[in-house]
>>> print(open('entry_26.cif').read())   # mmCIF, C-alpha atoms
data_input
loop_
_atom_site.group_PDB
_atom_site.id
_atom_site.type_symbol
_atom_site.label_atom_id
_atom_site.label_comp_id
_atom_site.auth_asym_id
_atom_site.auth_seq_id
_atom_site.Cartn_x
_atom_site.Cartn_y
_atom_site.Cartn_z
ATOM 1 C CA MET A 1 -0.482 -1.024 -40.305
ATOM 2 C CA ALA A 2 -2.600 2.125 -40.041
ATOM 3 C CA GLN A 3 -1.715 4.495 -37.218
ATOM 4 C CA ILE A 4 -4.017 4.175 -34.197
ATOM 5 C CA GLU A 5 -5.231 7.304 -32.416
ATOM 6 C CA THR A 6 -4.635 6.427 -28.775
ATOM 7 C CA LEU A 7 -7.396 7.557 -26.431
ATOM 8 C CA SER A 8 -6.206 9.078 -23.145
ATOM 9 C CA LEU A 9 -8.318 7.693 -20.295
ATOM 10 C CA LEU A 10 -8.242 10.710 -17.980
ATOM 11 C CA GLY A 11 -9.452 10.074 -14.448
ATOM 12 C CA LYS A 12 -10.591 13.575 -13.495
ATOM 13 C CA PRO A 13 -13.725 13.720 -15.713
ATOM 14 C CA VAL A 14 -14.773 10.308 -14.369
ATOM 15 C CA ALA A 15 -14.201 11.452 -10.780
ATOM 16 C CA GLU A 16 -16.224 14.626 -11.346
ATOM 17 C CA SER A 17 -19.080 12.570 -12.763
ATOM 18 C CA LEU A 18 -18.988 10.328 -9.690
ATOM 19 C CA TYR A 19 -19.008 13.283 -7.291
ATOM 20 C CA SER A 20 -22.059 14.689 -9.069
ATOM 21 C CA ALA A 21 -23.833 11.331 -8.812
ATOM 22 C CA LEU A 22 -23.049 11.164 -5.083
ATOM 23 C CA GLN A 23 -24.540 14.577 -4.294
ATOM 24 C CA PRO A 24 -28.172 13.396 -3.885
ATOM 25 C CA ARG A 25 -27.017 10.585 -1.592
ATOM 26 C CA ILE A 26 -24.961 12.998 0.494
ATOM 27 C CA SER A 27 -27.869 15.457 0.684
ATOM 28 C CA SER A 28 -30.180 12.691 1.837
ATOM 29 C CA LEU A 29 -27.772 11.786 4.648
ATOM 30 C CA LEU A 30 -27.395 15.424 5.692
ATOM 31 C CA THR A 31 -31.171 15.739 6.087
ATOM 32 C CA LYS A 32 -30.855 12.959 8.680
ATOM 33 C CA ASN A 33 -28.046 14.867 10.442
ATOM 34 C CA ILE A 34 -25.493 12.341 9.176
ATOM 35 C CA THR A 35 -22.285 13.717 7.662
ATOM 36 C CA PRO A 36 -20.124 10.958 6.142
ATOM 37 C CA ALA A 37 -16.844 10.962 8.067
ATOM 38 C CA LEU A 38 -13.508 9.249 7.505
ATOM 39 C CA ALA A 39 -10.710 8.653 10.006
ATOM 40 C CA VAL A 40 -7.282 8.395 8.371
ATOM 41 C CA VAL A 41 -4.472 6.781 10.341
ATOM 42 C CA LEU A 42 -1.063 7.983 9.137
ATOM 43 C CA VAL A 43 2.061 6.450 10.653
ATOM 44 C CA GLY A 44 5.482 7.945 9.936
ATOM 45 C CA ASP A 45 6.455 10.713 7.545
ATOM 46 C CA ASP A 46 6.521 9.073 4.118
ATOM 47 C CA PRO A 47 6.213 12.001 1.622
ATOM 48 C CA ALA A 48 4.109 10.042 -0.885
ATOM 49 C CA SER A 49 1.676 8.980 1.851
ATOM 50 C CA LYS A 50 1.350 12.560 3.070
ATOM 51 C CA LEU A 51 0.596 13.823 -0.441
ATOM 52 C CA TYR A 52 -1.979 11.104 -0.962
ATOM 53 C CA VAL A 53 -3.694 11.777 2.354
ATOM 54 C CA GLY A 54 -3.750 15.482 1.495
ATOM 55 C CA SER A 55 -5.571 14.810 -1.784
ATOM 56 C CA LYS A 56 -8.140 12.686 0.049
ATOM 57 C CA THR A 57 -8.702 15.398 2.641
ATOM 58 C CA ARG A 58 -9.272 18.054 -0.038
ATOM 59 C CA ALA A 59 -11.824 15.878 -1.844
ATOM 60 C CA PHE A 60 -13.802 15.302 1.353
ATOM 61 C CA LYS A 61 -13.693 18.963 2.353
ATOM 62 C CA ARG A 62 -14.865 20.092 -1.078
ATOM 63 C CA LEU A 63 -17.976 17.906 -0.797
ATOM 64 C CA GLY A 64 -18.741 19.034 2.745
ATOM 65 C CA LEU A 65 -17.702 15.701 4.251
ATOM 66 C CA ILE A 66 -15.427 15.029 7.209
ATOM 67 C CA SER A 67 -11.907 13.632 6.958
ATOM 68 C CA GLU A 68 -9.759 13.667 10.089
ATOM 69 C CA THR A 69 -6.150 12.488 10.030
ATOM 70 C CA PHE A 70 -4.546 10.885 13.072
ATOM 71 C CA ASN A 71 -0.761 11.207 12.822
ATOM 72 C CA TYR A 72 1.599 8.910 14.709
ATOM 73 C CA PRO A 73 5.404 8.584 14.694
ATOM 74 C CA ALA A 74 7.057 5.639 12.963
ATOM 75 C CA THR A 75 8.151 4.473 16.413
ATOM 76 C CA ILE A 76 4.583 3.648 17.518
ATOM 77 C CA SER A 77 4.310 0.023 18.610
ATOM 78 C CA GLU A 78 1.999 -2.437 16.935
ATOM 79 C CA ASP A 79 -0.044 -2.847 20.112
ATOM 80 C CA GLU A 80 -0.428 0.927 20.459
ATOM 81 C CA LEU A 81 -1.599 1.167 16.868
ATOM 82 C CA LEU A 82 -4.106 -1.640 17.419
ATOM 83 C CA GLY A 83 -5.419 0.342 20.376
ATOM 84 C CA VAL A 84 -5.927 3.344 18.093
ATOM 85 C CA ILE A 85 -7.934 1.186 15.698
ATOM 86 C CA ASP A 86 -10.064 -0.140 18.562
ATOM 87 C CA LYS A 87 -10.937 3.399 19.641
ATOM 88 C CA LEU A 88 -11.875 4.437 16.101
ATOM 89 C CA ASN A 89 -13.992 1.295 15.670
ATOM 90 C CA ALA A 90 -15.974 2.329 18.741
ATOM 91 C CA ASP A 91 -16.210 6.033 17.798
ATOM 92 C CA PRO A 92 -19.658 6.721 16.281
ATOM 93 C CA ARG A 93 -18.392 9.945 14.681
ATOM 94 C CA PHE A 94 -16.556 7.979 11.972
ATOM 95 C CA HIS A 95 -18.204 5.806 9.339
ATOM 96 C CA GLY A 96 -14.949 4.790 7.678
ATOM 97 C CA ILE A 97 -11.384 4.048 8.782
ATOM 98 C CA LEU A 98 -8.426 4.155 6.422
ATOM 99 C CA VAL A 99 -4.997 2.944 7.521
ATOM 100 C CA GLN A 100 -2.545 4.538 5.111
ATOM 101 C CA LEU A 101 -0.080 2.007 3.719
ATOM 102 C CA PRO A 102 2.771 1.241 3.809
ATOM 103 C CA LEU A 103 3.244 0.923 7.564
ATOM 104 C CA PRO A 104 6.715 0.782 9.160
ATOM 105 C CA GLY A 105 8.380 -2.605 8.748
ATOM 106 C CA ALA A 106 8.123 -3.479 12.440
ATOM 107 C CA ILE A 107 4.315 -3.450 12.240
ATOM 108 C CA ASP A 108 2.331 -6.360 10.798
ATOM 109 C CA SER A 109 0.060 -4.631 8.276
ATOM 110 C CA ASN A 110 -2.213 -7.654 7.959
ATOM 111 C CA ARG A 111 -2.833 -7.729 11.700
ATOM 112 C CA VAL A 112 -3.679 -4.020 11.711
ATOM 113 C CA LEU A 113 -6.036 -4.242 8.721
ATOM 114 C CA LEU A 114 -7.744 -7.261 10.277
ATOM 115 C CA ARG A 115 -8.487 -5.170 13.369
ATOM 116 C CA VAL A 116 -10.576 -2.620 11.435
ATOM 117 C CA ASP A 117 -14.333 -3.175 11.815
ATOM 118 C CA PRO A 118 -15.469 -4.637 8.436
ATOM 119 C CA LEU A 119 -18.383 -2.157 8.391
ATOM 120 C CA LYS A 120 -15.859 0.711 8.599
ATOM 121 C CA ASP A 121 -13.332 -0.860 6.229
ATOM 122 C CA VAL A 122 -13.877 1.575 3.359
ATOM 123 C CA ASP A 123 -10.625 0.416 1.736
ATOM 124 C CA GLY A 124 -12.216 -3.004 1.287
ATOM 125 C CA PHE A 125 -9.107 -4.833 2.539
ATOM 126 C CA HIS A 126 -10.617 -6.795 5.441
ATOM 127 C CA PRO A 127 -10.898 -10.557 4.691
ATOM 128 C CA THR A 128 -14.664 -10.363 5.297
ATOM 129 C CA ASN A 129 -15.060 -7.710 2.606
ATOM 130 C CA LEU A 130 -12.656 -9.449 0.234
ATOM 131 C CA GLY A 131 -14.685 -12.643 0.689
ATOM 132 C CA LEU A 132 -17.920 -10.817 -0.141
ATOM 133 C CA LEU A 133 -16.217 -9.419 -3.239
ATOM 134 C CA LEU A 134 -15.028 -12.859 -4.339
ATOM 135 C CA SER A 135 -18.548 -14.250 -3.909
ATOM 136 C CA GLY A 136 -19.909 -11.547 -6.217
ATOM 137 C CA GLN A 137 -21.742 -9.676 -3.447
ATOM 138 C CA PRO A 138 -19.355 -6.821 -2.571
ATOM 139 C CA ARG A 139 -19.985 -4.504 0.362
ATOM 140 C CA TYR A 140 -17.049 -2.190 -0.366
ATOM 141 C CA ILE A 141 -14.990 -2.632 -3.524
ATOM 142 C CA PRO A 142 -11.296 -1.712 -2.994
ATOM 143 C CA CYS A 143 -10.836 1.831 -4.253
ATOM 144 C CA THR A 144 -8.294 1.418 -7.041
ATOM 145 C CA PRO A 145 -9.963 -1.599 -8.721
ATOM 146 C CA HIS A 146 -13.332 0.139 -8.355
ATOM 147 C CA GLY A 147 -11.886 3.245 -9.971
ATOM 148 C CA ILE A 148 -10.534 1.181 -12.852
ATOM 149 C CA LEU A 149 -13.999 -0.244 -13.496
ATOM 150 C CA ALA A 150 -15.463 3.265 -13.491
ATOM 151 C CA ILE A 151 -12.883 4.478 -16.019
ATOM 152 C CA LEU A 152 -13.598 1.559 -18.352
ATOM 153 C CA GLU A 153 -17.337 2.140 -18.060
ATOM 154 C CA HIS A 154 -17.082 5.920 -18.586
ATOM 155 C CA TYR A 155 -15.001 5.586 -21.754
ATOM 156 C CA LYS A 156 -17.046 2.602 -22.977
ATOM 157 C CA ILE A 157 -14.071 0.245 -23.010
ATOM 158 C CA PRO A 158 -15.589 -3.248 -23.336
ATOM 159 C CA VAL A 159 -14.814 -5.931 -20.757
ATOM 160 C CA ALA A 160 -17.219 -8.849 -21.297
ATOM 161 C CA GLY A 161 -15.881 -11.614 -23.494
ATOM 162 C CA ARG A 162 -12.388 -10.111 -23.692
ATOM 163 C CA HIS A 163 -9.070 -11.465 -22.450
ATOM 164 C CA ALA A 164 -7.910 -9.280 -19.560
ATOM 165 C CA VAL A 165 -4.330 -9.663 -18.387
ATOM 166 C CA ILE A 166 -3.343 -8.225 -15.005
ATOM 167 C CA VAL A 167 0.316 -7.729 -14.124
ATOM 168 C CA GLY A 168 0.454 -7.612 -10.319
ATOM 169 C CA ARG A 169 -1.047 -9.827 -7.614
ATOM 170 C CA SER A 170 -1.390 -7.531 -4.604
ATOM 171 C CA ASN A 171 -4.416 -7.605 -2.308
ATOM 172 C CA ILE A 172 -4.854 -3.906 -3.085
ATOM 173 C CA VAL A 173 -5.155 -4.093 -6.883
ATOM 174 C CA GLY A 174 -4.380 -7.354 -8.676
ATOM 175 C CA LYS A 175 -6.396 -9.927 -6.743
ATOM 176 C CA PRO A 176 -9.564 -7.836 -6.243
ATOM 177 C CA LEU A 177 -9.511 -6.727 -9.870
ATOM 178 C CA MET A 178 -9.148 -10.328 -10.989
ATOM 179 C CA ALA A 179 -12.414 -11.170 -9.191
ATOM 180 C CA LEU A 180 -14.209 -8.067 -10.491
ATOM 181 C CA LEU A 181 -13.299 -8.633 -14.122
ATOM 182 C CA ALA A 182 -14.118 -12.353 -13.987
ATOM 183 C CA ASN A 183 -17.401 -12.057 -12.051
ATOM 184 C CA LYS A 184 -20.585 -12.602 -14.031
ATOM 185 C CA TRP A 185 -22.008 -9.097 -13.810
ATOM 186 C CA GLU A 186 -22.439 -6.102 -16.087
ATOM 187 C CA ARG A 187 -18.928 -4.737 -15.468
ATOM 188 C CA GLY A 188 -17.101 -8.052 -15.755
ATOM 189 C CA ASN A 189 -17.474 -11.415 -17.496
ATOM 190 C CA ALA A 190 -13.955 -11.333 -18.937
ATOM 191 C CA THR A 191 -11.445 -14.163 -19.179
ATOM 192 C CA VAL A 192 -8.666 -13.158 -16.782
ATOM 193 C CA THR A 193 -4.983 -14.055 -16.631
ATOM 194 C CA ILE A 194 -2.943 -12.785 -13.675
ATOM 195 C CA CYS A 195 0.824 -12.386 -13.971
ATOM 196 C CA HIS A 196 3.479 -11.237 -11.530
ATOM 197 C CA THR A 197 7.221 -10.870 -10.918
ATOM 198 C CA GLY A 198 7.599 -14.662 -10.941
ATOM 199 C CA THR A 199 5.984 -15.087 -14.361
ATOM 200 C CA THR A 200 8.316 -16.636 -16.931
ATOM 201 C CA ASP A 201 8.257 -14.826 -20.296
ATOM 202 C CA LEU A 202 5.819 -12.106 -19.257
ATOM 203 C CA ALA A 203 5.515 -10.807 -22.818
ATOM 204 C CA GLN A 204 4.010 -14.126 -23.899
ATOM 205 C CA TYR A 205 0.940 -13.250 -21.811
ATOM 206 C CA THR A 206 0.779 -9.487 -22.247
ATOM 207 C CA ARG A 207 0.713 -9.902 -26.038
ATOM 208 C CA GLN A 208 -2.513 -11.893 -25.672
ATOM 209 C CA ALA A 209 -4.306 -9.112 -23.795
ATOM 210 C CA ASP A 210 -7.289 -7.249 -25.191
ATOM 211 C CA LEU A 211 -7.313 -5.355 -21.895
ATOM 212 C CA LEU A 212 -4.033 -4.967 -20.002
ATOM 213 C CA VAL A 213 -3.829 -3.709 -16.408
ATOM 214 C CA VAL A 214 -0.341 -3.121 -15.021
ATOM 215 C CA ALA A 215 0.290 -2.713 -11.295
ATOM 216 C CA SER A 216 3.825 -3.983 -10.863
ATOM 217 C CA GLY A 217 5.578 -0.991 -9.293
ATOM 218 C CA ARG A 218 8.323 -1.199 -11.936
ATOM 219 C CA PRO A 219 8.715 1.894 -14.136
ATOM 220 C CA GLY A 220 8.510 1.249 -17.866
ATOM 221 C CA LEU A 221 8.131 -2.522 -17.433
ATOM 222 C CA ILE A 222 5.711 -2.895 -20.355
ATOM 223 C CA THR A 223 7.123 -1.801 -23.706
ATOM 224 C CA ALA A 224 5.518 -1.576 -27.151
ATOM 225 C CA ASP A 225 6.841 -4.946 -28.304
ATOM 226 C CA MET A 226 5.006 -6.594 -25.370
ATOM 227 C CA VAL A 227 1.484 -5.631 -26.507
ATOM 228 C CA ARG A 228 -0.730 -6.235 -29.512
ATOM 229 C CA PRO A 229 -1.977 -3.286 -31.601
ATOM 230 C CA GLY A 230 -5.322 -1.940 -30.416
ATOM 231 C CA VAL A 231 -4.953 -3.054 -26.798
ATOM 232 C CA ASP A 232 -6.621 -1.064 -24.005
ATOM 233 C CA ILE A 233 -4.153 -0.344 -21.184
ATOM 234 C CA VAL A 234 -4.727 0.713 -17.583
ATOM 235 C CA ASP A 235 -1.463 1.808 -15.957
ATOM 236 C CA VAL A 236 -1.745 1.733 -12.158
ATOM 237 C CA GLY A 237 1.956 2.449 -11.581
ATOM 238 C CA MET A 238 3.110 5.619 -9.836
ATOM 239 C CA ASN A 239 6.901 5.694 -9.738
ATOM 240 C CA ARG A 240 9.338 8.487 -8.959
ATOM 241 C CA VAL A 241 12.169 8.582 -11.468
ATOM 242 C CA PRO A 242 15.072 10.978 -10.728
ATOM 243 C CA ASP A 243 15.630 13.837 -13.190
ATOM 244 C CA ASP A 244 17.196 17.306 -13.235
ATOM 245 C CA SER A 245 13.949 19.219 -12.656
ATOM 246 C CA GLU A 246 13.312 21.472 -9.648
ATOM 247 C CA LYS A 247 11.574 18.590 -7.853
ATOM 248 C CA GLY A 248 14.421 16.239 -8.677
ATOM 249 C CA TYR A 249 12.069 13.582 -10.049
ATOM 250 C CA ARG A 250 9.173 12.927 -12.385
ATOM 251 C CA LEU A 251 6.235 10.551 -12.030
ATOM 252 C CA VAL A 252 5.977 7.683 -14.501
ATOM 253 C CA GLY A 253 3.875 4.563 -14.736
ATOM 254 C CA ASP A 254 4.688 0.902 -15.208
ATOM 255 C CA VAL A 255 4.096 1.262 -18.959
ATOM 256 C CA ALA A 256 6.430 2.945 -21.445
ATOM 257 C CA ALA A 257 3.673 5.413 -22.320
ATOM 258 C CA GLU A 258 5.296 7.199 -25.273
ATOM 259 C CA GLU A 259 5.880 3.888 -27.013
ATOM 260 C CA MET A 260 2.172 3.077 -26.793
ATOM 261 C CA LEU A 261 0.991 6.167 -28.679
ATOM 262 C CA GLY A 262 -0.263 5.010 -32.052
ATOM 263 C CA ARG A 263 -0.210 1.372 -30.935
ATOM 264 C CA ALA A 264 -2.646 1.096 -28.018
ATOM 265 C CA HIS A 265 -6.317 1.889 -28.496
ATOM 266 C CA SER A 266 -6.408 3.580 -25.099
ATOM 267 C CA LEU A 267 -4.133 4.279 -22.129
ATOM 268 C CA THR A 268 -4.500 5.846 -18.685
ATOM 269 C CA PRO A 269 -1.896 8.612 -18.228
ATOM 270 C CA VAL A 270 0.428 8.832 -15.230
ATOM 271 C CA PRO A 271 -0.260 11.016 -13.382
ATOM 272 C CA GLY A 272 -3.908 11.884 -14.028
ATOM 273 C CA GLY A 273 -5.368 8.480 -14.810
ATOM 274 C CA VAL A 274 -6.172 6.007 -12.050
ATOM 275 C CA GLY A 275 -5.052 8.264 -9.168
ATOM 276 C CA PRO A 276 -8.060 10.637 -9.085
ATOM 277 C CA MET A 277 -10.390 7.626 -9.201
ATOM 278 C CA THR A 278 -8.822 5.978 -6.160
ATOM 279 C CA VAL A 279 -9.661 9.101 -4.142
ATOM 280 C CA ALA A 280 -13.152 9.337 -5.642
ATOM 281 C CA MET A 281 -13.955 5.741 -4.757
ATOM 282 C CA LEU A 282 -12.809 6.306 -1.187
ATOM 283 C CA VAL A 283 -15.417 9.070 -0.991
ATOM 284 C CA HIS A 284 -17.977 6.724 -2.548
ATOM 285 C CA ASN A 285 -17.257 3.951 -0.033
ATOM 286 C CA THR A 286 -17.430 6.349 2.921
ATOM 287 C CA VAL A 287 -20.834 7.586 1.751
ATOM 288 C CA ALA A 288 -21.946 3.957 1.407
ATOM 289 C CA ALA A 289 -20.715 3.248 4.959
ATOM 290 C CA ALA A 290 -22.703 6.210 6.274
ATOM 291 C CA GLU A 291 -25.785 4.875 4.481
ATOM 292 C CA LEU A 292 -25.322 1.505 6.159
ATOM 293 C CA THR A 293 -25.195 3.297 9.524
ATOM 294 C CA ALA A 294 -28.420 5.093 8.595
ATOM 295 C CA GLY A 295 -30.086 1.803 7.750
ATOM 296 C CA GLY A 296 -29.720 2.026 3.971
ATOM 297 C CA SER A 297 -28.279 -0.447 1.516
ATOM 298 C CA GLY A 298 -24.924 1.279 0.952
ATOM 299 C CA SER A 299 -24.560 0.722 -2.789
ATOM 300 C CA ALA A 300 -21.283 -0.826 -3.958
#
>>> encode(input="entry_26.cif", output="structure tokens")
Amino acid sequence: MAQIETLSLLGKPVAESLYSALQPRISSLLTKNITPALAVVLVGDDPASKLYVGSKTRAFKRLGLISETFNYPATISEDELLGVIDKLNADPRFHGILVQLPLPGAIDSNRVLLRVDPLKDVDGFHPTNLGLLLSGQPRYIPCTPHGILAILEHYKIPVAGRHAVIVGRSNIVGKPLMALLANKWERGNATVTICHTGTTDLAQYTRQADLLVVASGRPGLITADMVRPGVDIVDVGMNRVPDDSEKGYRLVGDVAAEEMLGRAHSLTPVPGGVGPMTVAMLVHNTVAAAELTAGGSGSA
């Protein structure tokens, strides 16, 4: 078999293209004295969450937008946190609210996410917004699945008519992406199989994939023998693996990336693939929320 030159699906160029496309929309809002603003609710001191929130804040600041983080200790009660959400729902300064996950185990994440006003739910996790997505009329597309679509579109990776296999069934990635890829629209129309930790003989399904998306949270789960030559792979995983470096760890995905070189047609790197697009789509959704406030359509 001839060696395949594996294309690296870098997220940063796609994110930069999106930011450029958003500039006219942001300028239009600013002329109406509307500055898109995001409220981030951060509970506890999880290092990964803090880093992620920091990257979001920098992206907003760079574009002249507002991102304000509300920090609370891990000991905050569920009722107190719900009160915080109520206040942010009623605060006209903020067009979007993001509750950084995971929340401490004593707090029911579903109850908290349900409390966010669907018009300010720029994560796209509220059942109302998920229902609109499933019906093919999305208001806000969840950021990571939306970013995946943008990467595929930017690098001209075909979707329609292909067999897409998703490993992972979370409400954050797997389930929304399943709907997006299967929907009859220009960025979908694929045949979709969804797998998970309970799937028997996972490789039986991953070998059938023309497009493989992996969001399992298990480092190196997908190896070369589990995919067909020429497959396009989106690796959503972001796992810390201990090593002897100064940091004491390195970041790896859910795919054994080195094994895929010369076998896969394309692959998103970790880090540097999907991550920048998740942040970019949060900016996009916040701008869309501000447009809805201004009486616009708020393009998904």
>>> resolve_selection(input="entry_26.cif", expression="the PyMOL selection byres ((chain A and resi 127-135) around 8)", output="MDAnalysis selection string")
chainID A and resid 114 118 121 124:126 136:141 176 179:180
>>> resolve_selection(input="entry_26.cif", expression="the PyMOL selection byres ((chain A and resi 177) around 9)", output="VMD selection string")
chain A and resid 142 144 to 146 148 to 149 166 172 to 176 178 to 182
>>> resolve_selection(input="entry_26.cif", expression="the PyMOL selection byres ((chain A and resi 99-111) around 10)", output="ChimeraX atom specification")
/A:39-44,46,49-50,52-53,69-70,73-79,81-82,85,97-98,112-116,121-123,125-127
>>> residues_around(input="entry_26.cif", residues="A:Ala294", least_positions_apart="6", cutoff="10 Å", atoms="all atoms listed in the file", output="list in words")
Leu29, Lys32, Asn33, Ile34 and Ala288 of chain A
>>> closest_residue(input="entry_26.cif", among="A:Ser17, A:Thr6, A:Thr35, A:Asn171", to="A:Cys143", atoms="all atoms listed in the file")
A:Asn171
>>> atom_distance(input="entry_26.cif", atom1="atom CA of A:Asp232", atom2="atom CA of A:Pro269")
12.2 Å
>>> residues_around(input="entry_26.cif", residues="A:Asp225", least_positions_apart="6", cutoff="9 Å", atoms="all atoms listed in the file", output="ChimeraX atom specification")
/A:203,207,259
>>> atom_distance(input="entry_26.cif", atom1="atom CA of A:Glu291", atom2="atom CA of A:Met277")
20.8 Å
>>> atom_distance(input="entry_26.cif", atom1="atom CA of A:Ala215", atom2="atom CA of A:Ser170")
8.4 Å
>>> axis_aligned_box(input="entry_26.cif", around="stretch 31-42 of chain A", padding_each_side="3 Å", output="AutoDock Vina command-line options")
--center_x -16.1 --center_y 11.3 --center_z 8.3 --size_x 36.1 --size_y 15.0 --size_z 10.4
>>> residues_around(input="entry_26.cif", residues="stretch 63-66 of chain A", least_positions_apart="3", cutoff="9 Å", atoms="all atoms listed in the file", output="ChimeraX atom specification")
/A:19,23,26,35-39,57-60,94,283
>>> residues_around(input="entry_26.cif", residues="stretch 211-214 of chain A", least_positions_apart="4", cutoff="6 Å", atoms="only C-alpha atoms", output="MDAnalysis selection string")
chainID A and resid 164:167 231:236
>>> write_last_selection(input="entry_26.cif", atoms="C-alpha atoms", output="PDB file, in the coordinates of the input")
ATOM      1  CA  ALA A 164      -7.910  -9.280 -19.560  1.00  0.00           C
ATOM      2  CA  VAL A 165      -4.330  -9.663 -18.387  1.00  0.00           C
ATOM      3  CA  ILE A 166      -3.343  -8.225 -15.005  1.00  0.00           C
ATOM      4  CA  VAL A 167       0.316  -7.729 -14.124  1.00  0.00           C
ATOM      5  CA  VAL A 231      -4.953  -3.054 -26.798  1.00  0.00           C
ATOM      6  CA  ASP A 232      -6.621  -1.064 -24.005  1.00  0.00           C
ATOM      7  CA  ILE A 233      -4.153  -0.344 -21.184  1.00  0.00           C
ATOM      8  CA  VAL A 234      -4.727   0.713 -17.583  1.00  0.00           C
ATOM      9  CA  ASP A 235      -1.463   1.808 -15.957  1.00  0.00           C
ATOM     10  CA  VAL A 236      -1.745   1.733 -12.158  1.00  0.00           C
TER      11      VAL A 236
END
>>> closest_residue(input="entry_26.cif", among="A:Met238, A:Ala90, A:Ala224, A:Leu18", to="A:Gly275", atoms="all atoms listed in the file")
A:Met238
>>> closest_residue(input="entry_26.cif", among="A:Ala290, A:Leu152, A:Arg240, A:Met226", to="A:Asp201", atoms="only C-alpha atoms")
A:Met226
>>> closest_residue(input="entry_26.cif", among="A:Val241, A:Ala15, A:Ala21, A:Val84", to="A:Ile151", atoms="all atoms listed in the file")
A:Ala15
>>> residues_near_point(input="entry_26.cif", point="(-3.4, -8.7, -30.2)", cutoff="7 Å", atoms="all atoms listed in the file", output="MDAnalysis selection string")
chainID A and resid 207:210 227:229 231
>>> decode(input="entry_26.cif", residues="stretch 120-132 of chain A", atoms="N, CA and C atoms", output="PDB file, in the first residue's frame")
ATOM      1  N   LYS A 120     -29.514  33.014  26.583  1.00  0.00           N
ATOM      2  CA  LYS A 120     -28.141  33.317  27.003  1.00  0.00           C
ATOM      3  C   LYS A 120     -27.265  32.070  27.061  1.00  0.00           C
ATOM      4  N   ASP A 121     -27.818  30.947  26.678  1.00  0.00           N
ATOM      5  CA  ASP A 121     -27.119  29.661  26.746  1.00  0.00           C
ATOM      6  C   ASP A 121     -26.197  29.492  25.551  1.00  0.00           C
ATOM      7  N   VAL A 122     -25.080  30.228  25.554  1.00  0.00           N
ATOM      8  CA  VAL A 122     -24.172  30.212  24.405  1.00  0.00           C
ATOM      9  C   VAL A 122     -23.371  28.920  24.303  1.00  0.00           C
ATOM     10  N   ASP A 123     -23.444  28.063  25.309  1.00  0.00           N
ATOM     11  CA  ASP A 123     -22.855  26.725  25.215  1.00  0.00           C
ATOM     12  C   ASP A 123     -23.747  25.791  24.410  1.00  0.00           C
ATOM     13  N   GLY A 124     -25.040  26.142  24.325  1.00  0.00           N
ATOM     14  CA  GLY A 124     -25.978  25.305  23.585  1.00  0.00           C
ATOM     15  C   GLY A 124     -26.385  24.040  24.308  1.00  0.00           C
ATOM     16  N   PHE A 125     -26.294  24.027  25.649  1.00  0.00           N
ATOM     17  CA  PHE A 125     -26.566  22.817  26.421  1.00  0.00           C
ATOM     18  C   PHE A 125     -27.999  22.739  26.958  1.00  0.00           C
ATOM     19  N   HIS A 126     -28.728  23.852  26.940  1.00  0.00           N
ATOM     20  CA  HIS A 126     -30.085  23.841  27.481  1.00  0.00           C
ATOM     21  C   HIS A 126     -30.968  22.931  26.613  1.00  0.00           C
ATOM     22  N   PRO A 127     -31.888  22.162  27.239  1.00  0.00           N
ATOM     23  CA  PRO A 127     -32.745  21.260  26.453  1.00  0.00           C
ATOM     24  C   PRO A 127     -33.496  21.963  25.326  1.00  0.00           C
ATOM     25  N   THR A 128     -33.880  23.221  25.528  1.00  0.00           N
ATOM     26  CA  THR A 128     -34.561  23.972  24.469  1.00  0.00           C
ATOM     27  C   THR A 128     -33.660  24.122  23.249  1.00  0.00           C
ATOM     28  N   ASN A 129     -32.401  24.470  23.492  1.00  0.00           N
ATOM     29  CA  ASN A 129     -31.464  24.654  22.377  1.00  0.00           C
ATOM     30  C   ASN A 129     -31.050  23.331  21.755  1.00  0.00           C
ATOM     31  N   LEU A 130     -30.924  22.288  22.578  1.00  0.00           N
ATOM     32  CA  LEU A 130     -30.625  20.966  22.026  1.00  0.00           C
ATOM     33  C   LEU A 130     -31.783  20.464  21.171  1.00  0.00           C
ATOM     34  N   GLY A 131     -33.023  20.774  21.594  1.00  0.00           N
ATOM     35  CA  GLY A 131     -34.188  20.381  20.809  1.00  0.00           C
ATOM     36  C   GLY A 131     -34.237  21.091  19.466  1.00  0.00           C
ATOM     37  N   LEU A 132     -33.914  22.389  19.466  1.00  0.00           N
ATOM     38  CA  LEU A 132     -33.854  23.140  18.209  1.00  0.00           C
ATOM     39  C   LEU A 132     -32.785  22.554  17.281  1.00  0.00           C
TER      40      LEU A 132
END
